[in-house]
Amino acid sequence: MKRTIYFSPLLLFVFLLTACGVYDGISGATDNRYQELEIREYNGTKLDPAVGPRDNSIKGTQHVDINSFVLKVSGFVKSSVSLAYDDVLALPVYEKLITLHCIEGWKATVLWKGALLKDIIDLAGADDQADTVIFHSVDGYTTSLPMQDIIDKNMILAYSSNKITLPPELGYPFIVVAEDKLGYKWARWVNEIELSDNPNYKGYWERRGFDNEADLSGIGNNQ
């Protein structure tokens, strides 16, 4: 059966990250159900919906069995650790109102809630030579961020969006809220955080020509 493709900016927001491609329309029933649950305004700021159409990530939307899920912290650490979903939820909670900017030129403002990536990394203890953090996802997607950016910006690993549990389309159980970075740095379905001493590491889209810095200041339509 042929599907109709919608290009409404409101719906396209469920980016990403995987270069924010083209999305199939979400059913009205599903959209209405989540509209009743999530907030659409925060401290005077209008929020974009945290649930939207399916995207065309590298292997489609992932549906994670949280009962067997493990988040690993590995690489240049003093001791590798494996965390259950509830272990991350038990860490100090941070909320951030942050706008995601897609490389295609559209953006979406969402209230994210999660744990500081620094707090998660500290559980394993970063080695002195670790200067890069590589994020691995259950679908095989990877990307990286400088360790110092993660610390300086207090970046979070989010498990909630607009006061609801992170939807599968957005990366349940965890998405990297890569503040001030373009959407392909916002890794979804994260199941491993690897510390590295390779600042030139290139992830899935970076190996295909995308800028490894992905700074918002590098795009002409940044607002």
# chains A, B, ... in the order shown; residues from 1 in each chain; ligands from 1
$ select_by_dssp --residues "segment 40-196 of chain A" --states "strand (DSSP E)" --output "PyMOL selection string"
chain A and resi 41-42+45-46+71-75+81-83+94-101+107-116+132-137+142-146+156-161+164-165+175-177+190-196
$ residues_around --residues "Lys78 of chain A" --least-positions-apart "4" --cutoff "9 Å" --atoms "only C-alpha atoms" --output "mmCIF file with N, CA and C atoms, in the first residue's frame"
data_model
loop_
_atom_site.group_PDB
_atom_site.id
_atom_site.type_symbol
_atom_site.label_atom_id
_atom_site.label_comp_id
_atom_site.auth_asym_id
_atom_site.auth_seq_id
_atom_site.Cartn_x
_atom_site.Cartn_y
_atom_site.Cartn_z
ATOM 1 N N ALA A 124 32.576 5.277 35.662
ATOM 2 C CA ALA A 124 33.657 4.419 35.164
ATOM 3 C C ALA A 124 35.026 5.034 35.414
ATOM 4 N N GLY A 125 35.081 6.361 35.523
ATOM 5 C CA GLY A 125 36.351 7.037 35.741
ATOM 6 C C GLY A 125 37.131 7.205 34.462
ATOM 7 N N ALA A 126 37.159 8.419 33.929
ATOM 8 C CA ALA A 126 37.861 8.670 32.668
ATOM 9 C C ALA A 126 39.364 8.675 32.863
ATOM 10 N N ASP A 127 40.091 7.999 31.970
ATOM 11 C CA ASP A 127 41.544 8.080 31.973
ATOM 12 C C ASP A 127 41.978 9.470 31.521
#
$ select_by_dssp --residues "segment 76-129 of chain A" --states "alpha helix (DSSP H)" --output "VMD selection string"
chain A and resid 85 to 89 117 to 124
$ residues_around --residues "Asn162 of chain A" --least-positions-apart "2" --cutoff "12 Å" --atoms "only C-alpha atoms" --output "PyMOL selection string"
chain A and resi 34-42+45-51+95-98+108-114+158-160+164-167+170
$ write_last_selection --atoms "C-alpha atoms" --output "PDB file, in the first residue's frame"
ATOM      1  CA  TYR A  34       0.422  11.789  22.953  1.00  0.00           C
ATOM      2  CA  GLN A  35      -0.823  15.355  22.725  1.00  0.00           C
ATOM      3  CA  GLU A  36      -2.904  14.608  25.799  1.00  0.00           C
ATOM      4  CA  LEU A  37       0.172  13.410  27.708  1.00  0.00           C
ATOM      5  CA  GLU A  38       2.998  15.760  26.844  1.00  0.00           C
ATOM      6  CA  ILE A  39       3.300  19.448  27.635  1.00  0.00           C
ATOM      7  CA  ARG A  40       3.331  21.942  24.775  1.00  0.00           C
ATOM      8  CA  GLU A  41       4.511  25.046  26.665  1.00  0.00           C
ATOM      9  CA  TYR A  42       7.242  25.656  29.214  1.00  0.00           C
ATOM     10  CA  THR A  45       8.106  28.942  25.358  1.00  0.00           C
ATOM     11  CA  LYS A  46       6.041  26.984  22.847  1.00  0.00           C
ATOM     12  CA  LEU A  47       7.278  23.412  22.546  1.00  0.00           C
ATOM     13  CA  ASP A  48       7.304  21.229  19.470  1.00  0.00           C
ATOM     14  CA  PRO A  49       5.699  17.785  19.807  1.00  0.00           C
ATOM     15  CA  ALA A  50       7.912  15.052  21.211  1.00  0.00           C
ATOM     16  CA  VAL A  51       6.118  12.398  19.195  1.00  0.00           C
ATOM     17  CA  GLU A  95      16.007  19.341  32.685  1.00  0.00           C
ATOM     18  CA  LYS A  96      17.023  21.471  29.728  1.00  0.00           C
ATOM     19  CA  LEU A  97      15.000  23.437  27.208  1.00  0.00           C
ATOM     20  CA  ILE A  98      17.038  22.971  24.049  1.00  0.00           C
ATOM     21  CA  ALA A 108      12.369  21.823  17.112  1.00  0.00           C
ATOM     22  CA  THR A 109      12.312  23.037  20.717  1.00  0.00           C
ATOM     23  CA  VAL A 110      11.787  20.333  23.336  1.00  0.00           C
ATOM     24  CA  LEU A 111      12.086  20.096  27.128  1.00  0.00           C
ATOM     25  CA  TRP A 112      14.560  17.285  27.750  1.00  0.00           C
ATOM     26  CA  LYS A 113      15.144  15.467  31.035  1.00  0.00           C
ATOM     27  CA  GLY A 114      17.963  13.083  31.833  1.00  0.00           C
ATOM     28  CA  ALA A 158      17.870  12.235  27.997  1.00  0.00           C
ATOM     29  CA  TYR A 159      15.183   9.690  28.808  1.00  0.00           C
ATOM     30  CA  SER A 160      12.234  12.109  28.786  1.00  0.00           C
ATOM     31  CA  ILE A 164       6.793  12.032  28.811  1.00  0.00           C
ATOM     32  CA  THR A 165       9.018   8.961  28.542  1.00  0.00           C
ATOM     33  CA  LEU A 166      11.198   9.309  25.484  1.00  0.00           C
ATOM     34  CA  PRO A 167       9.277   7.800  22.518  1.00  0.00           C
ATOM     35  CA  LEU A 170      13.213   9.821  19.510  1.00  0.00           C
TER      36      LEU A 170
END
$ atom_distance --atom1 "atom CA of Tyr172 of chain A" --atom2 "atom CA of Gly105 of chain A"
24.5 Å
$ closest_residue --among "A:Asp131, A:Asp119, A:Asp211, A:Glu179" --to "Asp87 of chain A" --atoms "only C-alpha atoms"
A:Asp119
$ residues_around --residues "Gln129 of chain A" --least-positions-apart "6" --cutoff "8 Å" --atoms "only C-alpha atoms" --output "count of residues only"
3
$ atom_distance --atom1 "atom CA of Val133 of chain A" --atom2 "atom CA of Leu83 of chain A"
17.1 Å
$ residues_around --residues "His63 of chain A" --least-positions-apart "6" --cutoff "12 Å" --atoms "only C-alpha atoms" --output "mmCIF file with N, CA and C atoms, in the first residue's frame"
data_model
loop_
_atom_site.group_PDB
_atom_site.id
_atom_site.type_symbol
_atom_site.label_atom_id
_atom_site.label_comp_id
_atom_site.auth_asym_id
_atom_site.auth_seq_id
_atom_site.Cartn_x
_atom_site.Cartn_y
_atom_site.Cartn_z
ATOM 1 N N PHE A 69 18.048 -4.522 28.458
ATOM 2 C CA PHE A 69 18.906 -3.434 28.000
ATOM 3 C C PHE A 69 20.036 -3.163 28.988
ATOM 4 N N SER A 137 24.951 3.129 19.112
ATOM 5 C CA SER A 137 23.510 2.909 19.206
ATOM 6 C C SER A 137 23.162 1.477 18.827
ATOM 7 N N VAL A 138 21.989 1.041 19.231
ATOM 8 C CA VAL A 138 21.610 -0.352 19.019
ATOM 9 C C VAL A 138 21.500 -0.700 17.534
ATOM 10 N N ASP A 139 21.306 0.302 16.685
ATOM 11 C CA ASP A 139 21.191 0.034 15.245
ATOM 12 C C ASP A 139 22.521 0.100 14.520
ATOM 13 N N LEU A 166 10.693 9.140 26.840
ATOM 14 C CA LEU A 166 11.198 9.309 25.484
ATOM 15 C C LEU A 166 10.559 8.292 24.533
ATOM 16 N N PRO A 167 9.901 8.739 23.459
ATOM 17 C CA PRO A 167 9.277 7.800 22.518
ATOM 18 C C PRO A 167 10.335 7.024 21.725
ATOM 19 N N PRO A 168 9.994 5.835 21.233
ATOM 20 C CA PRO A 168 10.947 5.071 20.420
ATOM 21 C C PRO A 168 11.482 5.873 19.234
ATOM 22 N N GLU A 169 10.621 6.695 18.607
ATOM 23 C CA GLU A 169 11.067 7.476 17.454
ATOM 24 C C GLU A 169 12.175 8.456 17.812
ATOM 25 N N LEU A 170 12.194 8.876 19.056
ATOM 26 C CA LEU A 170 13.213 9.821 19.510
ATOM 27 C C LEU A 170 14.417 9.127 20.136
ATOM 28 N N GLY A 171 14.362 7.806 20.272
ATOM 29 C CA GLY A 171 15.548 7.093 20.718
ATOM 30 C C GLY A 171 15.453 6.352 22.027
ATOM 31 N N TYR A 172 14.235 6.053 22.504
ATOM 32 C CA TYR A 172 14.097 5.306 23.763
ATOM 33 C C TYR A 172 15.022 4.084 23.785
ATOM 34 N N PRO A 173 15.796 3.912 24.827
ATOM 35 C CA PRO A 173 15.665 4.599 26.109
ATOM 36 C C PRO A 173 16.449 5.900 26.256
ATOM 37 N N PHE A 174 17.491 6.127 25.424
ATOM 38 C CA PHE A 174 18.347 7.283 25.639
ATOM 39 C C PHE A 174 18.727 7.981 24.339
ATOM 40 N N ARG A 188 20.686 8.523 18.979
ATOM 41 C CA ARG A 188 19.520 7.889 19.606
ATOM 42 C C ARG A 188 19.803 6.423 19.922
ATOM 43 N N TRP A 189 18.921 5.834 20.779
ATOM 44 C CA TRP A 189 19.006 4.416 21.139
ATOM 45 C C TRP A 189 20.408 4.057 21.629
#
$ atom_distance --atom1 "atom CA of Ile175 of chain A" --atom2 "atom CA of Asp128 of chain A"
25.8 Å
$ residues_around --residues "Ser82 of chain A" --least-positions-apart "5" --cutoff "10 Å" --atoms "only C-alpha atoms" --output "PyMOL selection string"
chain A and resi 69-74+87+123-124+191-192
$ write_last_selection --atoms "N, CA and C atoms" --output "short mmCIF file (atom, residue, chain, number, x, y, z; two decimals), in the first residue's frame"
data_model
loop_
_atom_site.label_atom_id
_atom_site.label_comp_id
_atom_site.auth_asym_id
_atom_site.auth_seq_id
_atom_site.Cartn_x
_atom_site.Cartn_y
_atom_site.Cartn_z
N PHE A 69 18.05 -4.52 28.46
CA PHE A 69 18.91 -3.43 28.00
C PHE A 69 20.04 -3.16 28.99
N VAL A 70 21.23 -2.89 28.43
CA VAL A 70 22.39 -2.51 29.23
C VAL A 70 23.08 -1.34 28.54
N LEU A 71 23.42 -0.31 29.31
CA LEU A 71 24.22 0.81 28.82
C LEU A 71 25.65 0.61 29.32
N LYS A 72 26.59 0.46 28.38
CA LYS A 72 27.98 0.24 28.75
C LYS A 72 28.76 1.54 28.70
N VAL A 73 29.71 1.69 29.61
CA VAL A 73 30.69 2.78 29.57
C VAL A 73 32.05 2.10 29.46
N SER A 74 32.73 2.33 28.35
CA SER A 74 33.92 1.53 28.03
C SER A 74 35.03 2.42 27.48
N ASP A 87 19.36 2.34 36.65
CA ASP A 87 20.59 2.89 37.22
C ASP A 87 20.80 4.33 36.74
N LEU A 123 31.15 7.35 36.67
CA LEU A 123 30.95 6.05 37.29
C LEU A 123 32.04 5.06 36.86
N ALA A 124 32.58 5.28 35.66
CA ALA A 124 33.66 4.42 35.16
C ALA A 124 35.03 5.03 35.41
N ASN A 191 23.45 2.68 23.48
CA ASN A 191 23.69 1.55 24.37
C ASN A 191 25.15 1.40 24.78
N GLU A 192 26.00 2.31 24.30
CA GLU A 192 27.40 2.30 24.75
C GLU A 192 27.99 3.69 24.63
#
$ residues_around --residues "Thr143 of chain A" --least-positions-apart "5" --cutoff "8 Å" --atoms "only C-alpha atoms" --output "list in words"
Ile134, Phe135, His136, Tyr184, Lys185, Ala187, Lys202, Gly203, Tyr204, Trp205 and Glu206 of chain A
$ decode --residues "segment 132-166 of chain A" --atoms "N, CA and C atoms" --output "PDB file, in the first residue's frame"
ATOM      1  N   THR A 132      37.757  12.282  23.847  1.00  0.00           N
ATOM      2  CA  THR A 132      36.645  12.134  22.900  1.00  0.00           C
ATOM      3  C   THR A 132      35.672  11.082  23.429  1.00  0.00           C
ATOM      4  N   VAL A 133      34.387  11.341  23.210  1.00  0.00           N
ATOM      5  CA  VAL A 133      33.367  10.379  23.623  1.00  0.00           C
ATOM      6  C   VAL A 133      32.641   9.882  22.380  1.00  0.00           C
ATOM      7  N   ILE A 134      32.670   8.579  22.181  1.00  0.00           N
ATOM      8  CA  ILE A 134      32.013   7.952  21.027  1.00  0.00           C
ATOM      9  C   ILE A 134      30.724   7.306  21.517  1.00  0.00           C
ATOM     10  N   PHE A 135      29.627   7.619  20.839  1.00  0.00           N
ATOM     11  CA  PHE A 135      28.330   7.053  21.197  1.00  0.00           C
ATOM     12  C   PHE A 135      27.954   5.965  20.205  1.00  0.00           C
ATOM     13  N   HIS A 136      27.602   4.800  20.734  1.00  0.00           N
ATOM     14  CA  HIS A 136      27.166   3.670  19.929  1.00  0.00           C
ATOM     15  C   HIS A 136      25.672   3.451  20.171  1.00  0.00           C
ATOM     16  N   SER A 137      24.951   3.129  19.112  1.00  0.00           N
ATOM     17  CA  SER A 137      23.510   2.909  19.206  1.00  0.00           C
ATOM     18  C   SER A 137      23.162   1.477  18.827  1.00  0.00           C
ATOM     19  N   VAL A 138      21.989   1.041  19.231  1.00  0.00           N
ATOM     20  CA  VAL A 138      21.610  -0.352  19.019  1.00  0.00           C
ATOM     21  C   VAL A 138      21.500  -0.700  17.534  1.00  0.00           C
ATOM     22  N   ASP A 139      21.306   0.302  16.685  1.00  0.00           N
ATOM     23  CA  ASP A 139      21.191   0.034  15.245  1.00  0.00           C
ATOM     24  C   ASP A 139      22.521   0.100  14.520  1.00  0.00           C
ATOM     25  N   GLY A 140      23.613   0.294  15.268  1.00  0.00           N
ATOM     26  CA  GLY A 140      24.936   0.365  14.656  1.00  0.00           C
ATOM     27  C   GLY A 140      25.405   1.772  14.367  1.00  0.00           C
ATOM     28  N   TYR A 141      24.563   2.758  14.634  1.00  0.00           N
ATOM     29  CA  TYR A 141      24.933   4.156  14.398  1.00  0.00           C
ATOM     30  C   TYR A 141      25.991   4.592  15.401  1.00  0.00           C
ATOM     31  N   THR A 142      26.922   5.426  14.960  1.00  0.00           N
ATOM     32  CA  THR A 142      27.907   6.011  15.861  1.00  0.00           C
ATOM     33  C   THR A 142      28.116   7.479  15.517  1.00  0.00           C
ATOM     34  N   THR A 143      28.519   8.239  16.516  1.00  0.00           N
ATOM     35  CA  THR A 143      28.977   9.610  16.341  1.00  0.00           C
ATOM     36  C   THR A 143      29.809   9.947  17.564  1.00  0.00           C
ATOM     37  N   SER A 144      30.473  11.102  17.556  1.00  0.00           N
ATOM     38  CA  SER A 144      31.345  11.436  18.672  1.00  0.00           C
ATOM     39  C   SER A 144      31.261  12.920  19.008  1.00  0.00           C
ATOM     40  N   LEU A 145      31.687  13.234  20.223  1.00  0.00           N
ATOM     41  CA  LEU A 145      31.751  14.607  20.708  1.00  0.00           C
ATOM     42  C   LEU A 145      33.013  14.779  21.540  1.00  0.00           C
ATOM     43  N   PRO A 146      33.589  15.979  21.536  1.00  0.00           N
ATOM     44  CA  PRO A 146      34.739  16.221  22.409  1.00  0.00           C
ATOM     45  C   PRO A 146      34.327  16.131  23.876  1.00  0.00           C
ATOM     46  N   MET A 147      35.149  15.507  24.684  1.00  0.00           N
ATOM     47  CA  MET A 147      34.869  15.387  26.111  1.00  0.00           C
ATOM     48  C   MET A 147      34.661  16.766  26.745  1.00  0.00           C
ATOM     49  N   GLN A 148      35.487  17.733  26.364  1.00  0.00           N
ATOM     50  CA  GLN A 148      35.402  19.051  26.991  1.00  0.00           C
ATOM     51  C   GLN A 148      34.084  19.735  26.677  1.00  0.00           C
ATOM     52  N   ASP A 149      33.551  19.552  25.472  1.00  0.00           N
ATOM     53  CA  ASP A 149      32.241  20.112  25.138  1.00  0.00           C
ATOM     54  C   ASP A 149      31.152  19.524  26.030  1.00  0.00           C
ATOM     55  N   ILE A 150      31.224  18.230  26.255  1.00  0.00           N
ATOM     56  CA  ILE A 150      30.233  17.551  27.096  1.00  0.00           C
ATOM     57  C   ILE A 150      30.261  18.103  28.511  1.00  0.00           C
ATOM     58  N   ILE A 151      31.471  18.352  29.025  1.00  0.00           N
ATOM     59  CA  ILE A 151      31.622  18.874  30.383  1.00  0.00           C
ATOM     60  C   ILE A 151      31.206  20.338  30.465  1.00  0.00           C
ATOM     61  N   ASP A 152      31.721  21.150  29.537  1.00  0.00           N
ATOM     62  CA  ASP A 152      31.474  22.595  29.583  1.00  0.00           C
ATOM     63  C   ASP A 152      29.993  22.933  29.427  1.00  0.00           C
ATOM     64  N   LYS A 153      29.275  22.176  28.599  1.00  0.00           N
ATOM     65  CA  LYS A 153      27.863  22.470  28.324  1.00  0.00           C
ATOM     66  C   LYS A 153      26.906  21.650  29.181  1.00  0.00           C
ATOM     67  N   ASN A 154      27.468  20.852  30.107  1.00  0.00           N
ATOM     68  CA  ASN A 154      26.612  20.011  30.941  1.00  0.00           C
ATOM     69  C   ASN A 154      25.608  19.222  30.092  1.00  0.00           C
ATOM     70  N   MET A 155      26.103  18.566  29.062  1.00  0.00           N
ATOM     71  CA  MET A 155      25.232  17.802  28.164  1.00  0.00           C
ATOM     72  C   MET A 155      24.600  16.632  28.908  1.00  0.00           C
ATOM     73  N   ILE A 156      23.374  16.321  28.527  1.00  0.00           N
ATOM     74  CA  ILE A 156      22.657  15.235  29.199  1.00  0.00           C
ATOM     75  C   ILE A 156      22.362  14.085  28.246  1.00  0.00           C
ATOM     76  N   LEU A 157      22.177  12.924  28.849  1.00  0.00           N
ATOM     77  CA  LEU A 157      21.632  11.764  28.149  1.00  0.00           C
ATOM     78  C   LEU A 157      20.171  11.709  28.564  1.00  0.00           C
ATOM     79  N   ALA A 158      19.280  12.052  27.648  1.00  0.00           N
ATOM     80  CA  ALA A 158      17.870  12.235  27.997  1.00  0.00           C
ATOM     81  C   ALA A 158      17.087  10.940  27.899  1.00  0.00           C
ATOM     82  N   TYR A 159      16.126  10.806  28.824  1.00  0.00           N
ATOM     83  CA  TYR A 159      15.183   9.690  28.808  1.00  0.00           C
ATOM     84  C   TYR A 159      13.737  10.186  28.840  1.00  0.00           C
ATOM     85  N   SER A 160      13.573  11.511  28.778  1.00  0.00           N
ATOM     86  CA  SER A 160      12.234  12.109  28.786  1.00  0.00           C
ATOM     87  C   SER A 160      12.226  13.323  27.872  1.00  0.00           C
ATOM     88  N   SER A 161      11.088  13.543  27.218  1.00  0.00           N
ATOM     89  CA  SER A 161      10.928  14.699  26.352  1.00  0.00           C
ATOM     90  C   SER A 161       9.531  15.281  26.565  1.00  0.00           C
ATOM     91  N   ASN A 162       9.473  16.579  26.876  1.00  0.00           N
ATOM     92  CA  ASN A 162       8.189  17.246  27.138  1.00  0.00           C
ATOM     93  C   ASN A 162       7.375  16.522  28.206  1.00  0.00           C
ATOM     94  N   LYS A 163       8.066  16.046  29.239  1.00  0.00           N
ATOM     95  CA  LYS A 163       7.444  15.423  30.416  1.00  0.00           C
ATOM     96  C   LYS A 163       6.873  14.024  30.174  1.00  0.00           C
ATOM     97  N   ILE A 164       7.207  13.412  29.041  1.00  0.00           N
ATOM     98  CA  ILE A 164       6.793  12.032  28.811  1.00  0.00           C
ATOM     99  C   ILE A 164       8.044  11.173  28.612  1.00  0.00           C
ATOM    100  N   THR A 165       7.908   9.872  28.822  1.00  0.00           N
ATOM    101  CA  THR A 165       9.018   8.961  28.542  1.00  0.00           C
ATOM    102  C   THR A 165       9.411   9.083  27.084  1.00  0.00           C
ATOM    103  N   LEU A 166      10.693   9.140  26.840  1.00  0.00           N
ATOM    104  CA  LEU A 166      11.198   9.309  25.484  1.00  0.00           C
ATOM    105  C   LEU A 166      10.559   8.292  24.533  1.00  0.00           C
TER     106      LEU A 166
END
